Structures are given as C-alpha cells and as structure tokens.
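Raw coords-v7.txt, compact mmCIF, C-alpha atoms:
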# COMPACT_ATOMS: atom_id res chain seq x y z
CA MET A 1 4.85 24.75 -21.12
CA ARG A 2 6.41 21.74 -22.78
CA ILE A 3 8.75 19.14 -21.32
CA GLY A 4 11.43 17.15 -23.04
CA GLY A 5 12.86 13.82 -22.04
CA ALA A 6 14.45 10.85 -23.76
CA TRP A 7 11.55 8.67 -22.63
CA LEU A 8 9.11 10.83 -24.63
CA ASN A 9 10.87 9.77 -27.81
CA TYR A 10 11.07 6.03 -27.18
CA PRO A 11 9.69 4.46 -30.40
CA GLY A 12 7.54 1.98 -28.46
CA THR A 13 6.14 4.74 -26.25
CA GLN A 14 5.30 6.93 -29.23
CA ALA A 15 3.69 3.99 -31.03
CA LEU A 16 1.57 3.06 -27.99
CA CYS A 17 0.29 6.63 -27.59
CA ALA A 18 -0.41 6.79 -31.31
CA VAL A 19 -2.53 3.62 -31.46
CA LEU A 20 -4.63 4.72 -28.47
CA GLY A 21 -5.07 8.16 -30.02
CA LEU A 22 -6.07 6.72 -33.39
CA ALA A 23 -8.65 4.58 -31.58
CA GLY A 24 -10.25 7.82 -30.36
CA HIS A 25 -8.93 7.89 -26.81
CA ARG A 26 -7.08 10.54 -24.86
CA VAL A 27 -3.80 9.40 -23.33
CA LEU A 28 -1.41 11.44 -21.18
CA PHE A 29 1.75 10.85 -19.21
CA VAL A 30 1.28 11.30 -15.48
CA GLY A 31 3.05 11.07 -12.14
CA GLY A 32 6.74 10.37 -11.69
CA CYS A 33 7.85 10.64 -15.31
CA VAL A 34 6.36 14.15 -15.57
CA ARG A 35 7.38 15.22 -12.05
CA ASN A 36 10.97 13.99 -12.27
CA THR A 37 11.54 15.39 -15.74
CA LEU A 38 10.45 18.82 -14.56
CA MET A 39 12.71 18.49 -11.51
CA LEU A 40 15.66 17.31 -13.63
CA MET A 41 15.73 13.95 -11.85
CA PRO A 42 16.01 10.45 -13.37
CA VAL A 43 12.85 8.82 -14.72
CA THR A 44 12.47 5.13 -13.88
CA ASP A 45 8.80 4.42 -14.69
CA ILE A 46 6.45 5.52 -17.44
CA ASP A 47 2.84 5.87 -16.29
CA LEU A 48 -0.03 6.91 -18.50
CA ALA A 49 -3.61 7.93 -17.83
CA THR A 50 -6.40 7.48 -20.35
CA ASP A 51 -10.15 7.81 -20.78
CA ALA A 52 -10.26 4.29 -22.26
CA VAL A 53 -11.44 1.54 -19.92
CA PRO A 54 -8.90 -1.23 -19.20
CA GLU A 55 -10.50 -3.79 -21.51
CA VAL A 56 -10.31 -1.34 -24.42
CA VAL A 57 -6.68 -0.47 -23.60
CA ALA A 58 -5.82 -4.17 -23.63
CA GLU A 59 -7.72 -4.78 -26.88
CA VAL A 60 -6.11 -1.85 -28.72
CA ALA A 61 -2.63 -2.70 -27.45
CA LYS A 62 -2.91 -6.37 -28.37
CA ALA A 63 -4.20 -5.51 -31.84
CA ALA A 64 -1.07 -3.38 -32.32
CA GLY A 65 1.14 -6.32 -31.36
CA PHE A 66 2.09 -5.18 -27.88
CA LYS A 67 2.24 -7.52 -24.89
CA VAL A 68 -0.44 -6.79 -22.28
CA ILE A 69 -0.29 -7.77 -18.59
CA PRO A 70 -3.48 -7.25 -16.49
CA THR A 71 -1.55 -6.06 -13.43
CA GLY A 72 -4.43 -4.27 -11.68
CA ILE A 73 -7.33 -4.44 -14.07
CA ASP A 74 -9.95 -4.24 -11.28
CA HIS A 75 -8.53 -0.86 -10.33
CA GLY A 76 -8.20 0.28 -13.93
CA THR A 77 -4.55 -0.55 -14.60
CA VAL A 78 -2.93 -2.66 -17.29
CA THR A 79 0.77 -2.89 -18.13
CA VAL A 80 1.70 -2.72 -21.79
CA ILE A 81 5.18 -3.66 -22.97
CA ALA A 82 6.05 -1.64 -26.07
CA GLY A 83 9.55 -1.44 -27.47
CA GLY A 84 10.79 -3.42 -24.48
CA ILE A 85 9.53 -0.72 -22.09
CA HIS A 86 6.87 -1.31 -19.44
CA HIS A 87 4.06 1.27 -19.51
CA GLU A 88 1.50 1.27 -16.72
CA ILE A 89 -1.76 2.60 -18.15
CA THR A 90 -4.59 3.53 -15.80
CA THR A 91 -8.08 4.68 -16.69
CA PHE A 92 -9.21 8.05 -15.33
CA ARG A 93 -10.81 7.28 -11.96
CA SER A 94 -12.72 8.74 -9.08
CA ASP A 95 -13.03 7.20 -5.61
CA VAL A 96 -16.38 5.70 -4.63
CA GLU A 97 -15.36 4.30 -1.25
CA THR A 98 -12.12 4.14 0.78
CA ASP A 99 -11.16 2.47 4.06
CA GLY A 100 -7.72 3.96 4.67
CA ARG A 101 -5.92 1.22 2.76
CA ARG A 102 -7.92 0.25 -0.33
CA ALA A 103 -10.28 2.17 -2.57
CA VAL A 104 -13.32 1.23 -4.60
CA VAL A 105 -13.11 3.28 -7.80
CA SER A 106 -15.33 4.16 -10.71
CA PHE A 107 -13.95 4.91 -14.13
CA SER A 108 -14.26 8.42 -15.47
CA ARG A 109 -13.73 10.37 -18.66
CA ASN A 110 -12.97 13.51 -16.68
CA LEU A 111 -9.30 14.40 -16.23
CA ALA A 112 -10.05 16.80 -13.36
CA GLU A 113 -11.72 13.99 -11.39
CA ASP A 114 -8.67 11.82 -11.91
CA ALA A 115 -6.36 14.59 -10.73
CA ALA A 116 -8.50 15.31 -7.66
CA ARG A 117 -8.02 11.79 -6.26
CA ARG A 118 -4.20 11.97 -6.37
CA ASP A 119 -2.14 12.52 -3.24
CA PHE A 120 0.09 15.55 -3.86
CA THR A 121 -0.22 18.47 -6.24
CA MET A 122 3.16 17.65 -7.81
CA ASN A 123 1.77 14.21 -8.72
CA ALA A 124 -1.35 15.66 -10.38
CA LEU A 125 0.57 16.94 -13.41
CA TYR A 126 0.05 15.42 -16.84
CA ALA A 127 1.76 15.73 -20.20
CA GLU A 128 0.40 15.19 -23.68
CA PRO A 129 2.38 12.84 -25.96
CA SER A 130 3.77 16.05 -27.49
CA GLY A 131 5.24 17.01 -24.10
CA GLU A 132 2.74 19.81 -23.47
CA ILE A 133 2.02 20.11 -19.71
CA VAL A 134 -1.56 19.75 -18.50
CA ASP A 135 -2.09 21.10 -14.97
CA PRO A 136 -5.76 20.72 -13.95
CA LEU A 137 -5.18 21.60 -10.27
CA GLY A 138 -2.52 24.28 -10.52
CA GLY A 139 0.21 22.08 -9.05
CA LEU A 140 3.03 23.31 -11.27
CA PRO A 141 4.00 26.24 -8.97
CA ASP A 142 4.27 23.79 -6.04
CA LEU A 143 6.53 21.49 -8.03
CA LEU A 144 8.78 24.30 -9.24
CA ALA A 145 9.06 25.55 -5.64
CA HIS A 146 9.83 22.02 -4.39
CA ARG A 147 6.77 22.25 -2.15
CA VAL A 148 5.07 18.97 -1.19
CA ARG A 149 1.38 19.72 -0.65
CA PHE A 150 -1.67 17.49 -0.45
CA VAL A 151 -4.35 17.78 -3.11
CA GLY A 152 -7.38 19.44 -1.53
CA GLU A 153 -8.06 18.76 2.16
CA PRO A 154 -5.04 16.93 3.72
CA GLU A 155 -7.06 14.97 6.30
CA GLN A 156 -9.44 13.72 3.62
CA ARG A 157 -6.53 12.60 1.41
CA ILE A 158 -4.96 10.77 4.35
CA ARG A 159 -8.18 9.03 5.39
CA GLU A 160 -8.38 7.61 1.87
CA ASP A 161 -5.03 5.88 2.37
CA TYR A 162 -3.00 6.24 5.56
CA LEU A 163 0.17 5.33 3.69
CA ARG A 164 0.01 8.90 2.43
CA ILE A 165 1.31 9.99 5.84
CA LEU A 166 4.60 8.23 5.18
CA ARG A 167 4.63 9.30 1.54
CA PHE A 168 4.27 12.92 2.69
CA PHE A 169 7.50 12.71 4.69
CA ARG A 170 9.27 10.63 2.05
CA PHE A 171 8.36 13.08 -0.71
CA HIS A 172 9.56 15.97 1.44
CA ALA A 173 12.89 14.16 1.93
CA VAL A 174 13.33 13.45 -1.79
CA TYR A 175 11.64 16.42 -3.51
CA GLY A 176 11.11 19.09 -0.87
CA ASP A 177 13.12 22.21 -0.17
CA PRO A 178 14.56 21.99 3.37
CA ALA A 179 15.06 25.75 3.44
CA GLN A 180 11.33 26.52 3.28
CA GLY A 181 10.38 23.70 5.64
CA ILE A 182 7.61 21.15 5.51
CA ASP A 183 4.03 22.14 4.65
CA ALA A 184 2.40 23.09 7.98
CA GLU A 185 -1.15 22.09 7.02
CA GLY A 186 0.00 18.68 5.81
CA LEU A 187 2.12 18.14 8.92
CA ALA A 188 -0.81 18.99 11.21
CA ALA A 189 -3.01 16.48 9.39
CA CYS A 190 -0.36 13.77 9.69
CA ALA A 191 -0.04 14.45 13.43
CA ALA A 192 -3.82 14.34 13.92
CA LEU A 193 -4.16 11.03 12.07
CA ALA A 194 -0.88 9.37 13.11
CA ASP A 195 -2.76 6.42 14.67
CA GLY A 196 -3.77 5.39 11.16
CA VAL A 197 -0.21 4.18 10.53
CA ASP A 198 -0.87 1.29 12.92
CA GLY A 199 -3.34 -0.22 10.46
CA LEU A 200 -0.85 -0.37 7.58
CA SER A 201 1.02 -3.54 6.69
CA ARG A 202 4.59 -3.66 7.92
CA GLU A 203 5.72 -4.41 4.33
CA ARG A 204 4.25 -1.12 3.06
CA ILE A 205 5.77 0.81 5.97
CA GLY A 206 9.16 -0.82 5.41
CA ALA A 207 9.13 -0.02 1.70
CA GLU A 208 8.41 3.66 2.38
CA MET A 209 11.04 3.93 5.10
CA ARG A 210 13.74 2.38 2.91
CA LYS A 211 13.04 5.03 0.26
CA LEU A 212 12.89 7.87 2.80
CA LEU A 213 16.15 6.84 4.48
CA ALA A 214 17.87 6.55 1.08
CA ALA A 215 17.21 10.23 0.28
CA ARG A 216 20.24 12.49 0.13
CA ASN A 217 19.22 14.28 3.36
CA PRO A 218 16.28 12.74 5.24
CA ALA A 219 17.09 14.58 8.49
CA PRO A 220 14.44 17.34 8.23
CA ALA A 221 11.72 14.86 7.26
CA LEU A 222 12.63 12.50 10.09
CA ALA A 223 12.71 15.37 12.58
CA SER A 224 9.19 16.34 11.47
CA MET A 225 8.07 12.72 11.75
CA ALA A 226 9.31 12.64 15.33
CA ALA A 227 7.75 16.01 16.21
CA SER A 228 4.37 14.92 14.83
CA GLY A 229 4.42 11.57 16.67
CA VAL A 230 4.43 9.56 13.45
CA LEU A 231 7.93 8.13 13.92
CA GLN A 232 6.93 6.42 17.18
CA HIS A 233 4.19 4.56 15.31
CA VAL A 234 6.73 3.45 12.70
CA LEU A 235 9.66 2.54 14.95
CA PRO A 236 9.12 2.97 18.70
CA GLY A 237 12.08 4.48 20.51
CA ALA A 238 13.75 5.81 17.36
CA ASP A 239 15.70 9.06 17.82
CA PRO A 240 16.52 11.07 14.67
CA ARG A 241 18.82 13.62 16.28
CA ALA A 242 22.04 12.02 14.97
CA ILE A 243 20.77 11.81 11.38
CA ALA A 244 21.67 15.43 10.53
CA PRO A 245 25.32 15.10 11.63
CA LEU A 246 25.46 11.72 9.91
CA CYS A 247 24.32 13.25 6.61
CA HIS A 248 26.98 15.95 7.01
CA LEU A 249 29.67 13.31 7.54
CA GLU A 250 28.40 11.37 4.52
CA ALA A 251 29.17 14.24 2.13
CA ASP A 252 31.61 12.05 0.16
CA SER A 253 29.82 8.76 0.75
CA PRO A 254 26.75 7.34 -0.98
CA PRO A 255 23.67 7.36 1.28
CA ARG A 256 22.76 3.96 2.73
CA TRP A 257 19.42 3.43 4.42
CA GLN A 258 20.90 0.56 6.48
CA ARG A 259 23.42 2.93 8.09
CA ARG A 260 20.76 5.54 8.82
CA LEU A 261 18.39 2.96 10.29
CA ALA A 262 21.13 1.70 12.62
CA VAL A 263 21.69 5.29 13.79
CA LEU A 264 17.96 5.86 14.39
CA GLY A 265 18.00 3.13 17.02
CA GLY A 266 14.81 2.21 18.85
CA GLU A 267 13.20 -1.21 18.95
CA ASP A 268 14.32 -4.03 16.68
CA PRO A 269 13.42 -2.74 13.21
CA GLY A 270 13.02 -6.24 11.76
CA PRO A 271 9.38 -6.86 12.70
CA HIS A 272 8.39 -3.18 12.57
CA LEU A 273 9.61 -2.72 8.99
CA ARG A 274 9.42 -6.37 7.89
CA LEU A 275 13.11 -6.57 7.04
CA SER A 276 14.64 -9.66 5.51
CA ARG A 277 16.91 -11.80 7.67
CA GLN A 278 19.91 -10.56 5.72
CA GLU A 279 18.91 -6.92 6.27
CA GLN A 280 18.31 -7.53 9.97
CA ALA A 281 21.70 -9.20 10.35
CA GLU A 282 23.48 -6.38 8.51
CA ILE A 283 21.86 -3.62 10.56
CA GLY A 284 22.38 -5.57 13.77
CA LYS A 285 26.12 -5.90 13.08
CA ILE A 286 26.43 -2.19 12.39
CA ALA A 287 24.53 -1.26 15.55
CA GLU A 288 26.53 -3.68 17.70
CA ALA A 289 29.91 -2.55 16.34
CA ILE A 290 29.20 1.15 16.94
CA GLY A 291 30.02 0.69 20.62
CA SER A 292 33.06 -1.53 20.01
CA PRO A 293 36.66 -0.34 20.42
CA PHE A 294 37.68 -1.53 16.93
CA THR A 295 39.62 0.76 14.61
CA PRO A 296 38.46 1.33 11.02
CA ALA A 297 40.93 -1.28 9.76
CA ALA A 298 39.73 -3.84 12.32
CA LEU A 299 36.09 -3.08 11.47
CA ALA A 300 36.72 -3.62 7.77
CA TRP A 301 38.48 -6.93 8.48
CA LYS A 302 35.65 -8.17 10.68
CA LEU A 303 32.62 -6.81 8.81
CA GLY A 304 33.76 -5.86 5.32
CA GLU A 305 34.70 -2.48 3.88
CA THR A 306 31.16 -1.10 3.35
CA PRO A 307 29.73 -2.08 6.75
CA GLY A 308 33.00 -0.91 8.29
CA ALA A 309 32.46 2.52 6.74
CA ASP A 310 28.88 2.48 8.06
CA VAL A 311 30.15 1.94 11.61
CA VAL A 312 32.83 4.66 11.37
CA LEU A 313 30.30 7.23 10.15
CA ALA A 314 27.55 6.16 12.54
CA ARG A 315 29.89 6.20 15.52
CA ALA A 316 31.11 9.72 14.73
CA ALA A 317 27.53 10.98 14.27
CA LEU A 318 26.24 9.47 17.51
CA LEU A 319 29.25 10.50 19.59
CA GLU A 320 29.49 13.91 17.89
CA THR A 321 33.18 13.37 17.09
CA PRO A 322 35.14 13.76 13.84
CA VAL A 323 35.93 10.67 11.80
CA PRO A 324 39.49 9.37 12.36
CA PRO A 325 42.14 10.77 10.01
CA GLY A 326 42.96 8.41 7.15
CA TRP A 327 39.95 6.22 7.90
CA ARG A 328 39.19 5.43 4.28
CA SER A 329 42.67 4.09 3.56
CA ASP A 330 42.54 2.18 6.85
CA LEU A 331 39.30 0.54 5.74
CA GLY A 332 40.97 -0.58 2.52
CA ARG A 333 43.97 -1.89 4.47
CA GLY A 334 41.74 -3.83 6.80
CA ALA A 335 39.59 -5.31 4.06
CA GLY A 336 42.71 -6.57 2.30
CA SER A 337 44.44 -7.93 5.42
CA LYS A 338 44.85 -11.55 6.42
CA PHE A 339 45.20 -12.75 10.00
CA PRO A 340 48.86 -13.88 10.13
CA ILE A 341 48.30 -16.88 12.41
CA SER A 342 46.84 -20.24 11.45
CA ALA A 343 46.00 -23.27 13.57
CA ALA A 344 49.06 -25.04 12.17
CA ASP A 345 51.30 -22.44 13.82
CA LEU A 346 50.08 -23.56 17.27
CA MET A 347 49.92 -27.30 16.73
CA PRO A 348 50.70 -29.86 17.95
CA SER A 349 51.36 -28.28 21.33
CA LEU A 350 47.78 -27.01 21.41
CA GLN A 351 44.74 -29.03 20.38
CA GLY A 352 40.93 -28.81 20.53
CA GLU A 353 39.39 -26.23 22.81
CA ALA A 354 42.76 -24.90 23.95
CA LEU A 355 43.73 -24.30 20.33
CA GLY A 356 40.54 -22.37 19.64
CA THR A 357 40.96 -20.27 22.78
CA LYS A 358 44.52 -19.35 21.87
CA LEU A 359 43.60 -18.44 18.30
CA LYS A 360 40.83 -16.17 19.60
CA GLU A 361 43.22 -14.53 22.07
CA LEU A 362 45.81 -13.86 19.36
CA GLU A 363 43.15 -12.50 17.03
CA GLY A 364 42.04 -10.09 19.75
CA ARG A 365 45.62 -8.89 20.24
CA TRP A 366 46.02 -8.43 16.49
CA LEU A 367 42.79 -6.44 16.20
CA SER A 368 43.77 -4.28 19.20
CA SER A 369 47.08 -3.48 17.46
CA ASP A 370 45.18 -2.07 14.47
CA LEU A 371 46.21 -5.18 12.51
CA LYS A 372 49.88 -4.24 12.82
CA LEU A 373 51.31 -7.05 14.98
CA THR A 374 53.31 -9.46 12.84
CA ARG A 375 53.23 -13.25 12.96
CA ALA A 376 56.54 -13.29 14.79
CA ALA A 377 55.35 -10.76 17.38
CA LEU A 378 52.14 -12.69 18.00
CA LEU A 379 53.96 -15.99 18.44
CA ALA A 380 56.74 -14.58 20.62

So, in terms of structure tokens, how does the structure I just supplied come out?
Amino acid sequence: MRIGGAWLNYPGTQALCAVLGLAGHRVLFVGGCVRNTLMLMPVTDIDLATDAVPEVVAEVAKAAGFKVIPTGIDHGTVTVIAGGIHHEITTFRSDVETDGRRAVVSFSRNLAEDAARRDFTMNALYAEPSGEIVDPLGGLPDLLAHRVRFVGEPEQRIREDYLRILRFFRFHAVYGDPAQGIDAEGLAACAALADGVDGLSRERIGAEMRKLLAARNPAPALASMAASGVLQHVLPGADPRAIAPLCHLEADSPPRWQRRLAVLGGEDPGPHLRLSRQEQAEIGKIAEAIGSPFTPAALAWKLGETPGADVVLARAALLETPVPPGWRSDLGRGAGSKFPISAADLMPSLQGEALGTKLKELEGRWLSSDLKLTRAALLA
C-alpha cells in the first residue's frame, strides 16, 4: 500500500531523504504524518525515523547545506530545516529504563524494536520516501478501523510513561470511532494505573486536555475518563454529563476547549491544568455568566461576541434547554451596541460616588431591557 500527500513531494523533504539514503542510511516517515494522511486529516509535522545515529544525521544534513538544531540529541532526535520545513529525525530506539515520565534509550538499527516502543498501533506505521507503507506490528487494520489500541501490553506501555493514559483518551476523541466504543483492554489498564497521573507535571496534563477538549466530539472519551476514575485525578469534581448535549448544540459552531472546560466544572482548573492567567480569566467569566440572567445581546456587550456565544451554548447544555431563538443575531447586536448614557448626561447634578452608583443602576436597567431602552427612556 502506498500513500500520497503533498508533504511527500516537498523539494526539501525529498532532498533530505535522498542525502541520508545516499549516505547509506535507511530513513522513513513515521507517526502523525503517516497516520493523518491515511485518515485523510491535515498533516502539521513531518517526523522521520532512521538507523543513523544523531551525530551522523547532523553531519550529513550540514554537509548538504541544511540547518540542524540538536533539539533532543540525547534521546536520538535532531531537527533539520530543509526547504523551510522542520523535520524531526529520530534514530531507531529501544527503551533501556523508564520511570513513568522519562526513558533511558539505546539506539538501534532494528525497525521492529523502534515500533515496539511506540504507544499506539496507529502510531507504529512508517512510510518509505516513495510512500510505500511499512507496518511492522500490523497496526494498519486498527488505523483503518479508527481503533486506538496500545502496542503490546497496555499496562507495560503506560508504566513507561503515564502521560499515555491521557493520550489514550485524547486519541480516542480525535481518531477513534465512537460507534465501536473505546478499547476495553486499554481502558482497564488506564483505570488500574490512574494514580500514575498524579506524578505528571500539570503543564503536560494541561496540554493534553486542551487537545482532547478541542476534538470535534470529546464526550465519549470524557465519559470513559470519568468511568475509569482518571478524570478525578485530572480535575477533581469535574462532571462530563453536559458535554454530549453541548457538542450537539455546537453543530454550527467551532469547538472551543475553553467553553467545554467551563461546562466540565469541578475545582479551579488553573492550577490543575497550569492555565495562563488570561485563560483562567476567560474560563472564569464564562462559568460565572452561565448562571446570570443576561440575554445573549447583554452577554455579548459585557463579555464579547465569542465568550457570549460560549455562555449561551454552555447554559443551554447544563440546563438541558434549547438555545434562544435568534441568539446569533442578538450576539451581533450586543457586540455592536453602545451604552447610551455617559457621565456627562448626569452631571453636574451628580458627582463622585453618587454619579458612579447612578451609572451602574442605569446600565443594569439597560441590560435587563435586552439593550433596548433608549437614552431618553433611561433618563426619564
């Protein structure tokens, strides 16, 4: 079987593969570029695997005039920029020692050993520079069936790196087939080793959860996370039950992980997922406004059109109610509205604290009127 993709024909990519091949080394595409091409999904990164050790990769690439960056040379990885494209090239490896977060590796010339240390069968697929698929572990049927399955023994794979628990659910959300459900053996292993999540850095957990929550429909994966006990290790108190109705309501809206995280609820996600202050503030405003009485127009005026849409959708999902009719046009109206009263309208009869109090009172009346009270009506 042969794959085709625009990235296969990048001149810089072809040239890089050619110089490594002419130097007597095997080089293959691996991971996301192969997986996503086969699944007709966008390719964002080009990763290669080779039997050449990192120092040789760097030497050959530099001699050909390419820029080389030693991004992870101790672990066998160098980045080569060819034709303006970043290529991450990693030497075939096997694990010598793992502690659940980091691995000590030895370099190998055996492709099967390299495949055996990967996390999921759909990630253990390779492609020759010609596009010919190389499948040392028989993972192609899993990929074509949209089945996310650990390579070998799931518990062993997880003990090598506990982040694979979160990747299992994230990959199911992005690549899995909801109709056939999540892999039972993998789910059981994640449940048995859920405590391992506690040893991961909050940054790594946050990065995985952003990606999972940005999937088109993360509801089945999140439900499985909750059932296995993993979700409570990630975000204590989170409840995924409203995510499925939210995804249904979002049919015509782009998915936003911030909206989904606000709907999950639970403890403050900031420290648990190591969110930035801006992200925390945005999610906090959405969560707080869900219980407010504001109309879509008032929400858009107070928060902005996008956060206003987040609140409308989140509120409907959590309360199990339909979205208000005409809510999208109301959001646009609110975002483009201007409060009709200024301080000058109330001066000089009101000053200082009294002026501020009156302005706030009038703003409240205006918001309660769905932004329809005029300047004259407010001042009457």

With a distance cut-off of 7 Å and all atoms listed in the file, select the neighbouring residues of segment 124-135 of chain A, excluding the residue or stretch itself and same-chain residues fewer than 3 positions from it, and output the selection as an MDAnalysis selection string.
chainID A and resid 1:4 17 28:31 34 115 118 120:121 138:140

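Summary of the local environment: counting only C-alpha atoms, residues at most 7 Å from Pro269 of chain A, other than itself and those fewer than 3 positions away along its chain, are Leu235, His272 and Leu273 of chain A.
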
Please provide the set of residues having any atom within 8 Å of Ala262 of chain A, restricted to all atoms listed in the file, with same-chain residues fewer than 6 positions apart removed, written as an mmCIF file with C-alpha atoms, in the coordinates of the input.
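Output saved as selection-v6.cif:
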data_model
loop_
_atom_site.group_PDB
_atom_site.id
_atom_site.type_symbol
_atom_site.label_atom_id
_atom_site.label_comp_id
_atom_site.auth_asym_id
_atom_site.auth_seq_id
_atom_site.Cartn_x
_atom_site.Cartn_y
_atom_site.Cartn_z
ATOM 1 C CA ILE A 283 21.860 -3.620 10.560
ATOM 2 C CA GLY A 284 22.380 -5.570 13.770
ATOM 3 C CA ILE A 286 26.430 -2.190 12.390
ATOM 4 C CA ALA A 287 24.530 -1.260 15.550
ATOM 5 C CA ALA A 314 27.550 6.160 12.540
#

Tell me, as a ChimeraX atom specification, which residues lie within 12 Å of segment 194-199 of chain A, counting all atoms listed in the file; anything in the same chain fewer than 3 positions away does not count.
/A:99-102,155,158-167,186-191,202-206,208,225-236,272-273

Neighbours of Thr306 of chain A within 12 Å (only C-alpha atoms; same-chain residues fewer than 5 positions away dropped), as a list in words?
Ser253, Pro254, Pro255, Arg256, Gln258, Arg259, Glu282, Lys285, Ile286, Pro296, Ala297, Leu299, Ala300, Trp301, Val311, Val312, Leu313, Arg328, Leu331, Gly332, Gly334 and Ala335 of chain A

Residues from the last selection, C-alpha atoms, saved as a short mmCIF file (atom, residue, chain, number, x, y, z; two decimals), keeping the file's coordinate frame:
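Writing done, so here's selection39.cif:
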data_model
loop_
_atom_site.label_atom_id
_atom_site.label_comp_id
_atom_site.auth_asym_id
_atom_site.auth_seq_id
_atom_site.Cartn_x
_atom_site.Cartn_y
_atom_site.Cartn_z
CA SER A 253 29.82 8.76 0.75
CA PRO A 254 26.75 7.34 -0.98
CA PRO A 255 23.67 7.36 1.28
CA ARG A 256 22.76 3.96 2.73
CA GLN A 258 20.90 0.56 6.48
CA ARG A 259 23.42 2.93 8.09
CA GLU A 282 23.48 -6.38 8.51
CA LYS A 285 26.12 -5.90 13.08
CA ILE A 286 26.43 -2.19 12.39
CA PRO A 296 38.46 1.33 11.02
CA ALA A 297 40.93 -1.28 9.76
CA LEU A 299 36.09 -3.08 11.47
CA ALA A 300 36.72 -3.62 7.77
CA TRP A 301 38.48 -6.93 8.48
CA VAL A 311 30.15 1.94 11.61
CA VAL A 312 32.83 4.66 11.37
CA LEU A 313 30.30 7.23 10.15
CA ARG A 328 39.19 5.43 4.28
CA LEU A 331 39.30 0.54 5.74
CA GLY A 332 40.97 -0.58 2.52
CA GLY A 334 41.74 -3.83 6.80
CA ALA A 335 39.59 -5.31 4.06
#

Distance of atom CA of Leu111 of chain A from atom CA of Glu55 of chain A, expressed in Å to one decimal place
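Those two atoms sit 19.0 Å apart.
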
Calculate how many Å separate atom CA of Thr374 of chain A from atom CA of Arg315 of chain A, rounding to one decimal.
28.3 Å

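Atom to atom, atom CA of Tyr175 of chain A and atom CA of Leu319 of chain A stand 29.6 Å apart.
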
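Minimum atom-to-atom distance to Leu246 of chain A, evaluated using only C-alpha atoms, belongs to A:Asn217 out of A:Asn110, A:Ser94, A:Asn217, A:Ser224.
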
Selected residue, from A:Pro178, A:Pro42, A:Pro307, A:Gly12, that lies nearest to Ala64 of chain A when counting only C-alpha atoms:
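Among A:Pro178, A:Pro42, A:Pro307, A:Gly12, it is A:Gly12 that comes nearest to Ala64 of chain A.
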
For the point (37.5, -1.1, 20.1) in the file's frame, write as a ChimeraX atom specification all residues with an atom no more than 12 Å away, counting only C-alpha atoms.
/A:288-299,302,311-312,315,364-370

Counting all atoms listed in the file, which of A:Ala112, A:Leu38, A:Val53, A:Ala242 gets nearest to His146 of chain A?
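Using all atoms listed in the file, His146 of chain A sits closest to A:Leu38.
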
Shortest interatomic distance to Asp345 of chain A - which of A:Ala219, A:Arg375, A:Glu363, A:Leu318, counting all atoms listed in the file
A:Arg375
